[in-house]
Each structure stands twice: as C-alpha cells, then as structure tokens.
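Enquirer: Right, I'll just put the structure down here and ask away after.
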Amino acid sequence: MGTMQRGSLICITGLAGSGKTTLANELESQLIKLNKKVLHLTSDNVGEHLFSEKYLQMLNDISVDYSSEELKTIYNGLYMAFEQILKNSPETIIITDGMYRKASMRLMLRIIAAKLDLPFHLIKVETDVDSAKNRLGLRSKDGGIGGWVDPLEYEEPKDKDLIKISNNTSLDYFKNNTAFILHRIT
C-alpha cells in the first residue's frame with residue numbers, strides 16, 4: 001500500500017492586481033499534473049457568495065471595497081473552511097490567494113497548518129503600484145473584480161521562509177516561477 005500524500009496550506013499574498021490569482025491558477029494546474037489533490041479557494045470566492053451585491057458593485061467600480069466587518073467575515077469563513085478541509089482530508093493541498101493585508105491574517109493560516117502538523121508556505125507576488133492599478137482597470141472592464149487598496153494598508157510579510165515572486169506580467173514568467181515554487185514546496 002502506498003504512502004498517503006501530505007497536504008499543505010499555500011497562501012499567495014500581494015497587492016490587488018499583482019497577479020496572485022494568475023500565479024495560483026498556474027500553480028494549481030502544475031500540482032494537478034503531478035497528481036496532487038488540490039483545492040484553490042480565494043477571498044473573492046467567499047466574498048462573492050456572502051456579499052453578492054457588494055461584489056457586483058466591485059465588478060464595475062474599483063474604488064468599492066469590502067468593509068472591515070465584511071472582510072473579517074470573509075476571512076473567518078476561509079479559516080474555518082481550511083481547518084475543516086485539512087482535518088478531514090490531510091492530503092489536500094490548499095492554495096489560497098488574497099491580499100491577506102494584515103500580518104495577523106497570514107498568521108492565522110500558519111497557526112491552522114501548525115495545529116494540523118502540515119506545512120505552510122507564504123508566497124508574495126510583488127509588482128509596482130502603477131502596473132497593479134492598470135491591471136485592475138483592465139480587469140474591471142473585462143468583468144473581473146476591482147477593489148484597489150492603498151498599499152499603505154498592506155503589512156509587508158517578514159517571514160523568514162517567504163517566497164517572493166516579481167510579476168512582469170508575462171504568463172511565461174509565471175510558468176517559470178511556478179517551477180521554482182514547486183521545487184521549494186515539494
């Protein structure tokens with residue numbers, strides 16, 4: 001009988017428009033090709049279902065964002081889901097992408113992984129503010145989610161095991177970085 005795959009919790013953080021979801025989708029695709037059990041959940045997924053009217057406003061106006069209470073509800077929902085999923089299916093690799101703008105939000109993910117004795121990986125997608133704003137403007141025209149947040153509200157990760165990826169907007173660049181990330185986390 002084979003050994004069961006060990007799961008993990010992977011958090012992709014960065015400014016709105018930095019390319020977190022693009023990287024998460026590519027990473028998910030590569031892990032599936034490696035026959036890993038993967039689940040990709042985002043704050044956008046949860047926000048869309050819990051606050052559908054606000055979500056629809058955000059599609060058309062990048063200046064609209066969730067309130068602090070709405071964000072708390074969204075992220076608490078994610079934390080509960082992650083813990084239950086990993087408890088019941090410890091071979092699952094969960095990828096989550098979202099701003100996770102406060103260090104305390106990222107710490108909650110680390111605590112969940114530690115509580116379940118599973119690895120936690122933090123990946124920061126870096127980009128310049130002008131590129132991020134440009135991508136958000138393009139996404140809102142294409143039906144994507146807006147939600148610009150002032151970079152001063154984002155607490156930079158200081159984790160010693162942080163993986164940093166710079167986004168130069170090329171999908172090939174992300175594919176190359178995905179190989180680097182897979183090497184670091186597997």
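Ligands are numbered from 1 in the order shown, chains are lettered A, B, ... in the order of the structure tokens, and residues start at 1 in each chain.
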Please identify all polymer residues within 9 Å of stretch 107-122 of chain A, counting only C-alpha atoms, omitting same-chain residues fewer than 5 positions from it, and present them as a compact mmCIF listing (two decimals) with all heavy atoms, in the first residue's frame.
Expert:
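Saved file out_14.txt follows:
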# COMPACT_ATOMS: atom_id res chain seq x y z
N ARG A 6 1.02 14.05 1.64
CA ARG A 6 0.84 15.01 2.73
C ARG A 6 0.40 16.33 2.13
O ARG A 6 0.99 16.83 1.18
CB ARG A 6 2.15 15.18 3.48
CG ARG A 6 2.04 16.00 4.72
CD ARG A 6 3.31 15.87 5.53
NE ARG A 6 3.18 16.64 6.75
CZ ARG A 6 4.12 17.45 7.19
NH1 ARG A 6 5.24 17.58 6.53
NH2 ARG A 6 3.93 18.12 8.30
N GLY A 7 -0.63 16.91 2.69
CA GLY A 7 -1.14 18.18 2.20
C GLY A 7 -0.34 19.35 2.73
O GLY A 7 0.67 19.18 3.41
N SER A 8 -0.80 20.53 2.38
CA SER A 8 -0.18 21.76 2.87
C SER A 8 -1.14 22.91 2.65
O SER A 8 -2.16 22.78 1.98
CB SER A 8 1.17 22.02 2.18
OG SER A 8 0.98 22.20 0.80
N LEU A 9 -0.77 24.04 3.21
CA LEU A 9 -1.54 25.27 3.05
C LEU A 9 -0.62 26.29 2.42
O LEU A 9 0.44 26.60 2.98
CB LEU A 9 -2.07 25.74 4.40
CG LEU A 9 -2.96 26.97 4.45
CD1 LEU A 9 -4.13 26.90 3.48
CD2 LEU A 9 -3.48 27.18 5.87
N ILE A 10 -0.99 26.77 1.24
CA ILE A 10 -0.19 27.73 0.48
C ILE A 10 -0.97 29.03 0.38
O ILE A 10 -2.10 29.04 -0.14
CB ILE A 10 0.12 27.21 -0.93
CG1 ILE A 10 0.86 25.87 -0.86
CG2 ILE A 10 0.91 28.25 -1.73
CD1 ILE A 10 0.96 25.14 -2.19
N CYS A 11 -0.39 30.11 0.87
CA CYS A 11 -1.02 31.43 0.81
C CYS A 11 -0.24 32.30 -0.16
O CYS A 11 0.97 32.47 -0.03
CB CYS A 11 -1.02 32.08 2.20
SG CYS A 11 -1.61 33.79 2.18
N ILE A 12 -0.95 32.85 -1.15
CA ILE A 12 -0.36 33.78 -2.09
C ILE A 12 -0.92 35.16 -1.77
O ILE A 12 -2.13 35.38 -1.85
CB ILE A 12 -0.64 33.37 -3.55
CG1 ILE A 12 -0.11 31.95 -3.79
CG2 ILE A 12 -0.03 34.38 -4.52
CD1 ILE A 12 -0.41 31.38 -5.15
N THR A 13 -0.04 36.06 -1.39
CA THR A 13 -0.42 37.39 -0.95
C THR A 13 0.20 38.45 -1.85
O THR A 13 1.09 38.16 -2.64
CB THR A 13 0.01 37.62 0.53
OG1 THR A 13 -0.43 38.90 0.95
CG2 THR A 13 1.51 37.52 0.71
N TYR A 79 -10.83 30.65 7.08
CA TYR A 79 -10.06 29.95 8.11
C TYR A 79 -10.80 28.69 8.57
O TYR A 79 -10.20 27.62 8.71
CB TYR A 79 -9.78 30.84 9.33
CG TYR A 79 -9.05 32.13 9.03
CD1 TYR A 79 -9.35 33.28 9.73
CD2 TYR A 79 -8.06 32.20 8.06
CE1 TYR A 79 -8.69 34.47 9.48
CE2 TYR A 79 -7.39 33.39 7.80
CZ TYR A 79 -7.71 34.53 8.50
OH TYR A 79 -7.06 35.70 8.25
N PHE A 82 -10.69 26.06 5.75
CA PHE A 82 -9.37 25.45 5.59
C PHE A 82 -9.12 24.41 6.68
O PHE A 82 -8.65 23.32 6.40
CB PHE A 82 -8.27 26.51 5.64
CG PHE A 82 -8.31 27.52 4.54
CD1 PHE A 82 -7.74 28.77 4.71
CD2 PHE A 82 -8.91 27.25 3.32
CE1 PHE A 82 -7.76 29.71 3.70
CE2 PHE A 82 -8.94 28.18 2.30
CZ PHE A 82 -8.36 29.42 2.49
N GLU A 83 -9.43 24.78 7.91
CA GLU A 83 -9.17 23.86 9.01
C GLU A 83 -9.99 22.58 8.87
O GLU A 83 -9.46 21.47 9.05
CB GLU A 83 -9.44 24.53 10.36
CG GLU A 83 -9.04 23.67 11.51
CD GLU A 83 -9.00 24.39 12.85
OE1 GLU A 83 -9.23 25.62 12.89
OE2 GLU A 83 -8.74 23.71 13.85
N LEU A 86 -8.68 20.45 5.78
CA LEU A 86 -7.40 19.80 6.04
C LEU A 86 -7.49 18.76 7.16
O LEU A 86 -6.76 17.77 7.15
CB LEU A 86 -6.32 20.85 6.36
CG LEU A 86 -5.92 21.71 5.16
CD1 LEU A 86 -5.06 22.89 5.61
CD2 LEU A 86 -5.21 20.88 4.10
N LYS A 87 -8.38 18.97 8.10
CA LYS A 87 -8.58 17.99 9.17
C LYS A 87 -9.19 16.70 8.59
O LYS A 87 -8.78 15.60 8.94
CB LYS A 87 -9.52 18.56 10.24
CG LYS A 87 -9.60 17.73 11.51
CD LYS A 87 -10.55 18.33 12.51
CE LYS A 87 -9.99 19.62 13.07
NZ LYS A 87 -10.84 20.21 14.13
N PRO A 90 -6.31 15.40 5.03
CA PRO A 90 -4.97 15.96 5.26
C PRO A 90 -4.02 15.82 4.07
O PRO A 90 -2.92 16.37 4.09
CB PRO A 90 -4.45 15.19 6.47
CG PRO A 90 -5.27 13.96 6.54
CD PRO A 90 -6.60 14.29 5.92
N LYS A 102 -3.08 42.05 6.45
CA LYS A 102 -2.53 42.18 7.81
C LYS A 102 -1.72 40.94 8.16
O LYS A 102 -2.09 39.81 7.82
CB LYS A 102 -3.64 42.36 8.84
CG LYS A 102 -4.53 43.57 8.61
CD LYS A 102 -3.77 44.84 8.82
CE LYS A 102 -4.66 46.05 8.61
NZ LYS A 102 -3.91 47.29 8.50
N PRO A 157 5.00 41.16 4.48
CA PRO A 157 5.40 39.95 5.19
C PRO A 157 6.88 40.00 5.55
O PRO A 157 7.70 40.45 4.76
CB PRO A 157 5.14 38.83 4.17
CG PRO A 157 4.33 39.42 3.09
CD PRO A 157 4.55 40.89 3.12
N ASP A 159 8.23 37.10 7.08
CA ASP A 159 8.50 35.69 7.37
C ASP A 159 9.86 35.29 6.79
O ASP A 159 10.18 35.62 5.66
CB ASP A 159 7.42 34.80 6.75
CG ASP A 159 6.02 35.20 7.20
OD1 ASP A 159 5.67 36.38 6.99
OD2 ASP A 159 5.29 34.36 7.71
N ASP A 161 10.80 32.41 5.83
CA ASP A 161 10.67 31.43 4.76
C ASP A 161 9.79 31.94 3.61
O ASP A 161 9.33 31.15 2.78
CB ASP A 161 10.13 30.11 5.31
CG ASP A 161 8.84 30.29 6.11
OD1 ASP A 161 8.43 31.44 6.37
OD2 ASP A 161 8.25 29.26 6.50
N LEU A 162 9.60 33.23 3.52
CA LEU A 162 8.79 33.86 2.48
C LEU A 162 9.39 33.61 1.10
O LEU A 162 10.60 33.72 0.91
CB LEU A 162 8.71 35.37 2.74
CG LEU A 162 7.99 36.22 1.70
CD1 LEU A 162 6.49 35.93 1.72
CD2 LEU A 162 8.23 37.70 1.97
N ILE A 163 8.52 33.25 0.16
CA ILE A 163 8.93 33.13 -1.25
C ILE A 163 8.42 34.38 -1.95
O ILE A 163 7.22 34.64 -1.95
CB ILE A 163 8.33 31.87 -1.90
CG1 ILE A 163 8.77 30.60 -1.15
CG2 ILE A 163 8.72 31.80 -3.38
CD1 ILE A 163 8.04 29.33 -1.59
N LYS A 164 9.34 35.16 -2.54
CA LYS A 164 8.94 36.38 -3.25
C LYS A 164 9.04 36.16 -4.75
O LYS A 164 10.03 35.63 -5.24
CB LYS A 164 9.84 37.56 -2.87
CG LYS A 164 9.61 38.08 -1.48
CD LYS A 164 10.44 39.32 -1.26
CE LYS A 164 10.22 39.87 0.14
NZ LYS A 164 11.01 41.09 0.35
N ILE A 185 8.44 23.94 -2.48
CA ILE A 185 7.37 23.46 -1.59
C ILE A 185 7.15 21.96 -1.63
O ILE A 185 6.40 21.44 -0.81
CB ILE A 185 6.03 24.18 -1.86
CG1 ILE A 185 5.47 23.84 -3.23
CG2 ILE A 185 6.18 25.68 -1.67
CD1 ILE A 185 4.10 24.39 -3.51
Enquirer: Would you list the contacts of A:Asn177 as JSON, numbers by chain, taking every protein, DNA or RNA residue within 10 Å and counting only C-alpha atoms, but skipping same-chain residues closer than 5 positions in sequence?
Expert: {"A": [23, 26, 27, 164, 165, 166, 167, 171, 172, 182, 183]}
Enquirer: Give me, as number ranges by chain, the residues of stretch 61-144 of chain A that a backbone DSSP run labels alpha helix (DSSP H).
Expert: A: 68-88, 103-115, 129-141
Enquirer: Taking only C-alpha atoms into account, which of A:Ala16, A:Glu155, A:Ile32, A:Asp97 comes nearest A:Asp65?
Expert: A:Ala16
Enquirer: Kindly indicate which residue among A:Ile93, A:Val125, A:Met105, A:Ile85 lies nearest to A:Leu34, using only C-alpha atoms for the distances.
Expert: A:Ile93
Enquirer: Write out as a PyMOL selection string the residues lying within 9 Å of A:Arg101, counting only C-alpha atoms and excluding same-chain residues fewer than 3 positions away.
Expert: chain A and resi 13-15+98+104-106+153-156
Enquirer: For the residues in that selection, give me all heavy atoms as a PDB file, in the first residue's frame.
Expert:
ATOM      1  N   THR A  13      -0.037  36.064  -1.391  1.00  0.00           N
ATOM      2  CA  THR A  13      -0.420  37.393  -0.946  1.00  0.00           C
ATOM      3  C   THR A  13       0.201  38.452  -1.854  1.00  0.00           C
ATOM      4  O   THR A  13       1.094  38.159  -2.637  1.00  0.00           O
ATOM      5  CB  THR A  13       0.009  37.621   0.525  1.00  0.00           C
ATOM      6  OG1 THR A  13      -0.425  38.902   0.954  1.00  0.00           O
ATOM      7  CG2 THR A  13       1.507  37.519   0.707  1.00  0.00           C
ATOM      8  N   GLY A  14      -0.281  39.664  -1.746  1.00  0.00           N
ATOM      9  CA  GLY A  14       0.238  40.786  -2.526  1.00  0.00           C
ATOM     10  C   GLY A  14      -0.859  41.813  -2.739  1.00  0.00           C
ATOM     11  O   GLY A  14      -2.010  41.585  -2.381  1.00  0.00           O
ATOM     12  N   LEU A  15      -0.485  42.926  -3.332  1.00  0.00           N
ATOM     13  CA  LEU A  15      -1.459  43.980  -3.608  1.00  0.00           C
ATOM     14  C   LEU A  15      -2.517  43.510  -4.588  1.00  0.00           C
ATOM     15  O   LEU A  15      -2.281  42.589  -5.379  1.00  0.00           O
ATOM     16  CB  LEU A  15      -0.757  45.207  -4.195  1.00  0.00           C
ATOM     17  CG  LEU A  15       0.188  45.969  -3.281  1.00  0.00           C
ATOM     18  CD1 LEU A  15       0.848  47.108  -4.053  1.00  0.00           C
ATOM     19  CD2 LEU A  15      -0.538  46.498  -2.063  1.00  0.00           C
ATOM     20  N   GLY A  98      -5.260  35.957  -1.885  1.00  0.00           N
ATOM     21  CA  GLY A  98      -5.997  37.123  -1.421  1.00  0.00           C
ATOM     22  C   GLY A  98      -4.972  38.101  -0.869  1.00  0.00           C
ATOM     23  O   GLY A  98      -3.818  37.741  -0.681  1.00  0.00           O
ATOM     24  N   SER A 104      -1.537  39.537  10.913  1.00  0.00           N
ATOM     25  CA  SER A 104      -2.362  38.654  11.755  1.00  0.00           C
ATOM     26  C   SER A 104      -3.208  37.701  10.912  1.00  0.00           C
ATOM     27  O   SER A 104      -3.479  36.576  11.325  1.00  0.00           O
ATOM     28  CB  SER A 104      -3.254  39.481  12.677  1.00  0.00           C
ATOM     29  OG  SER A 104      -4.111  40.313  11.927  1.00  0.00           O
ATOM     30  N   MET A 105      -3.608  38.139   9.716  1.00  0.00           N
ATOM     31  CA  MET A 105      -4.401  37.285   8.829  1.00  0.00           C
ATOM     32  C   MET A 105      -3.556  36.121   8.312  1.00  0.00           C
ATOM     33  O   MET A 105      -4.030  34.982   8.230  1.00  0.00           O
ATOM     34  CB  MET A 105      -4.952  38.107   7.670  1.00  0.00           C
ATOM     35  CG  MET A 105      -5.861  39.241   8.102  1.00  0.00           C
ATOM     36  SD  MET A 105      -6.163  40.410   6.761  1.00  0.00           S
ATOM     37  CE  MET A 105      -7.657  39.694   6.085  1.00  0.00           C
ATOM     38  N   ARG A 106      -2.320  36.415   7.963  1.00  0.00           N
ATOM     39  CA  ARG A 106      -1.408  35.371   7.485  1.00  0.00           C
ATOM     40  C   ARG A 106      -0.993  34.453   8.632  1.00  0.00           C
ATOM     41  O   ARG A 106      -0.825  33.244   8.443  1.00  0.00           O
ATOM     42  CB  ARG A 106      -0.205  36.016   6.798  1.00  0.00           C
ATOM     43  CG  ARG A 106      -0.613  36.857   5.581  1.00  0.00           C
ATOM     44  CD  ARG A 106       0.566  37.441   4.842  1.00  0.00           C
ATOM     45  NE  ARG A 106       1.317  38.420   5.577  1.00  0.00           N
ATOM     46  CZ  ARG A 106       1.126  39.742   5.512  1.00  0.00           C
ATOM     47  NH1 ARG A 106       0.189  40.243   4.744  1.00  0.00           N
ATOM     48  NH2 ARG A 106       1.890  40.565   6.220  1.00  0.00           N
ATOM     49  N   GLU A 153      -1.972  50.254   3.503  1.00  0.00           N
ATOM     50  CA  GLU A 153      -2.793  49.383   4.350  1.00  0.00           C
ATOM     51  C   GLU A 153      -2.292  47.937   4.328  1.00  0.00           C
ATOM     52  O   GLU A 153      -2.808  47.091   5.046  1.00  0.00           O
ATOM     53  CB  GLU A 153      -4.250  49.420   3.892  1.00  0.00           C
ATOM     54  CG  GLU A 153      -4.923  50.755   4.118  1.00  0.00           C
ATOM     55  CD  GLU A 153      -6.388  50.719   3.707  1.00  0.00           C
ATOM     56  OE1 GLU A 153      -7.045  49.670   3.871  1.00  0.00           O
ATOM     57  OE2 GLU A 153      -6.876  51.750   3.230  1.00  0.00           O
ATOM     58  N   TYR A 154      -1.309  47.654   3.486  1.00  0.00           N
ATOM     59  CA  TYR A 154      -0.769  46.300   3.361  1.00  0.00           C
ATOM     60  C   TYR A 154       0.474  46.172   4.224  1.00  0.00           C
ATOM     61  O   TYR A 154       1.434  46.909   4.051  1.00  0.00           O
ATOM     62  CB  TYR A 154      -0.433  46.018   1.885  1.00  0.00           C
ATOM     63  CG  TYR A 154       0.111  44.639   1.641  1.00  0.00           C
ATOM     64  CD1 TYR A 154      -0.740  43.549   1.580  1.00  0.00           C
ATOM     65  CD2 TYR A 154       1.472  44.429   1.480  1.00  0.00           C
ATOM     66  CE1 TYR A 154      -0.250  42.277   1.360  1.00  0.00           C
ATOM     67  CE2 TYR A 154       1.982  43.159   1.259  1.00  0.00           C
ATOM     68  CZ  TYR A 154       1.113  42.093   1.197  1.00  0.00           C
ATOM     69  OH  TYR A 154       1.606  40.837   0.985  1.00  0.00           O
ATOM     70  N   GLU A 155       0.445  45.239   5.160  1.00  0.00           N
ATOM     71  CA  GLU A 155       1.605  44.986   6.017  1.00  0.00           C
ATOM     72  C   GLU A 155       2.518  43.981   5.308  1.00  0.00           C
ATOM     73  O   GLU A 155       2.129  42.850   5.053  1.00  0.00           O
ATOM     74  CB  GLU A 155       1.160  44.425   7.371  1.00  0.00           C
ATOM     75  CG  GLU A 155       0.356  45.409   8.186  1.00  0.00           C
ATOM     76  CD  GLU A 155      -0.166  44.816   9.492  1.00  0.00           C
ATOM     77  OE1 GLU A 155       0.189  43.665   9.861  1.00  0.00           O
ATOM     78  OE2 GLU A 155      -0.962  45.508  10.148  1.00  0.00           O
ATOM     79  N   GLU A 156       3.712  44.429   5.008  1.00  0.00           N
ATOM     80  CA  GLU A 156       4.677  43.580   4.303  1.00  0.00           C
ATOM     81  C   GLU A 156       5.018  42.332   5.127  1.00  0.00           C
ATOM     82  O   GLU A 156       5.307  42.439   6.309  1.00  0.00           O
ATOM     83  CB  GLU A 156       5.962  44.352   4.011  1.00  0.00           C
ATOM     84  CG  GLU A 156       5.835  45.361   2.903  1.00  0.00           C
ATOM     85  CD  GLU A 156       5.589  44.733   1.544  1.00  0.00           C
ATOM     86  OE1 GLU A 156       6.107  43.632   1.255  1.00  0.00           O
ATOM     87  OE2 GLU A 156       4.847  45.361   0.761  1.00  0.00           O
TER      88      GLU A 156
END
Enquirer: Could you pull the residues within 12 Å of A:Phe51, counting only C-alpha atoms, minus those fewer than 6 positions along the same chain, as a list in words?
Expert: Ser43, Asp44, Asn45, Gln57, Met58, Asp65, Tyr66, Ser67, Glu69, Glu70, Leu71, Thr73 and Ile74 of chain A
Enquirer: With C-alpha atoms kept, could you save the residues just selected as a compact mmCIF listing (two decimals), in the first residue's frame?
Expert:
# COMPACT_ATOMS: atom_id res chain seq x y z
CA SER A 43 -11.34 35.62 -0.61
CA ASP A 44 -13.10 36.60 -3.86
CA ASN A 45 -14.92 33.22 -3.95
CA GLN A 57 -20.56 46.80 -7.32
CA MET A 58 -16.87 45.93 -7.17
CA ASP A 65 -14.09 47.57 -1.30
CA TYR A 66 -15.43 45.40 1.50
CA SER A 67 -15.89 46.99 4.92
CA GLU A 69 -16.52 43.73 9.16
CA GLU A 70 -17.20 42.14 5.76
CA LEU A 71 -13.51 41.31 5.40
CA THR A 73 -16.46 37.60 7.95
CA ILE A 74 -14.86 36.53 4.66
Enquirer: Excluding A:Lys36 and its own-chain neighbours fewer than 5 positions away, which residues fall within 8 Å of it when counting only C-alpha atoms? Please give them as a list of chain:residue names.
Expert: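 Those residues are A:Gln5, A:Leu31, A:Thr92, A:Ile93.
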Enquirer: Save the residues we just selected, N, CA, C and O atoms, as a PDB file, in the first residue's frame?
Expert:
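Generated file (out-v3.pdb):
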ATOM      1  N   GLN A   5      -0.233  11.005   0.322  1.00  0.00           N
ATOM      2  CA  GLN A   5       0.328  12.346   0.074  1.00  0.00           C
ATOM      3  C   GLN A   5       0.050  13.239   1.273  1.00  0.00           C
ATOM      4  O   GLN A   5      -1.018  13.197   1.862  1.00  0.00           O
ATOM      5  N   LEU A  31       0.319  21.391 -10.014  1.00  0.00           N
ATOM      6  CA  LEU A  31       0.163  20.389  -8.957  1.00  0.00           C
ATOM      7  C   LEU A  31      -0.794  19.275  -9.384  1.00  0.00           C
ATOM      8  O   LEU A  31      -0.560  18.098  -9.078  1.00  0.00           O
ATOM      9  N   THR A  92      -4.832  16.982   1.142  1.00  0.00           N
ATOM     10  CA  THR A  92      -5.192  18.085   0.256  1.00  0.00           C
ATOM     11  C   THR A  92      -4.182  19.225   0.361  1.00  0.00           C
ATOM     12  O   THR A  92      -3.747  19.592   1.448  1.00  0.00           O
ATOM     13  N   ILE A  93      -3.831  19.777  -0.784  1.00  0.00           N
ATOM     14  CA  ILE A  93      -3.023  20.991  -0.840  1.00  0.00           C
ATOM     15  C   ILE A  93      -4.003  22.129  -1.096  1.00  0.00           C
ATOM     16  O   ILE A  93      -4.674  22.157  -2.127  1.00  0.00           O
TER      17      ILE A  93
END
Enquirer: Between atom CA of A:His40 and atom CA of A:Thr178, what is the distance in Å, rounded to a tenth?
Expert: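 These atoms are spaced 15.2 Å apart.
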Enquirer: My list of candidates is A:Lys20, A:Ile123, A:Asp61, A:Asn35. Which is closest to A:Arg184 when distances are computed with only C-alpha atoms?
Expert: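 Answer, going by the shortest atom-to-atom distance: A:Ile123.
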Enquirer: Looking at A:Ser131, A:Thr21, A:Gln84, A:Ser68, which one is nearest to A:Thr42, with distances taken over only C-alpha atoms?
Expert: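 So, comparing all the options, the nearest one is A:Thr21.
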Enquirer: Taking the DSSP assignment computed from this structure's backbone, write out as a PyMOL selection string all residues of chain A that belong to strand (DSSP E).
Expert: chain A and resi 8-13+38-42+93-97+120-126+163-166
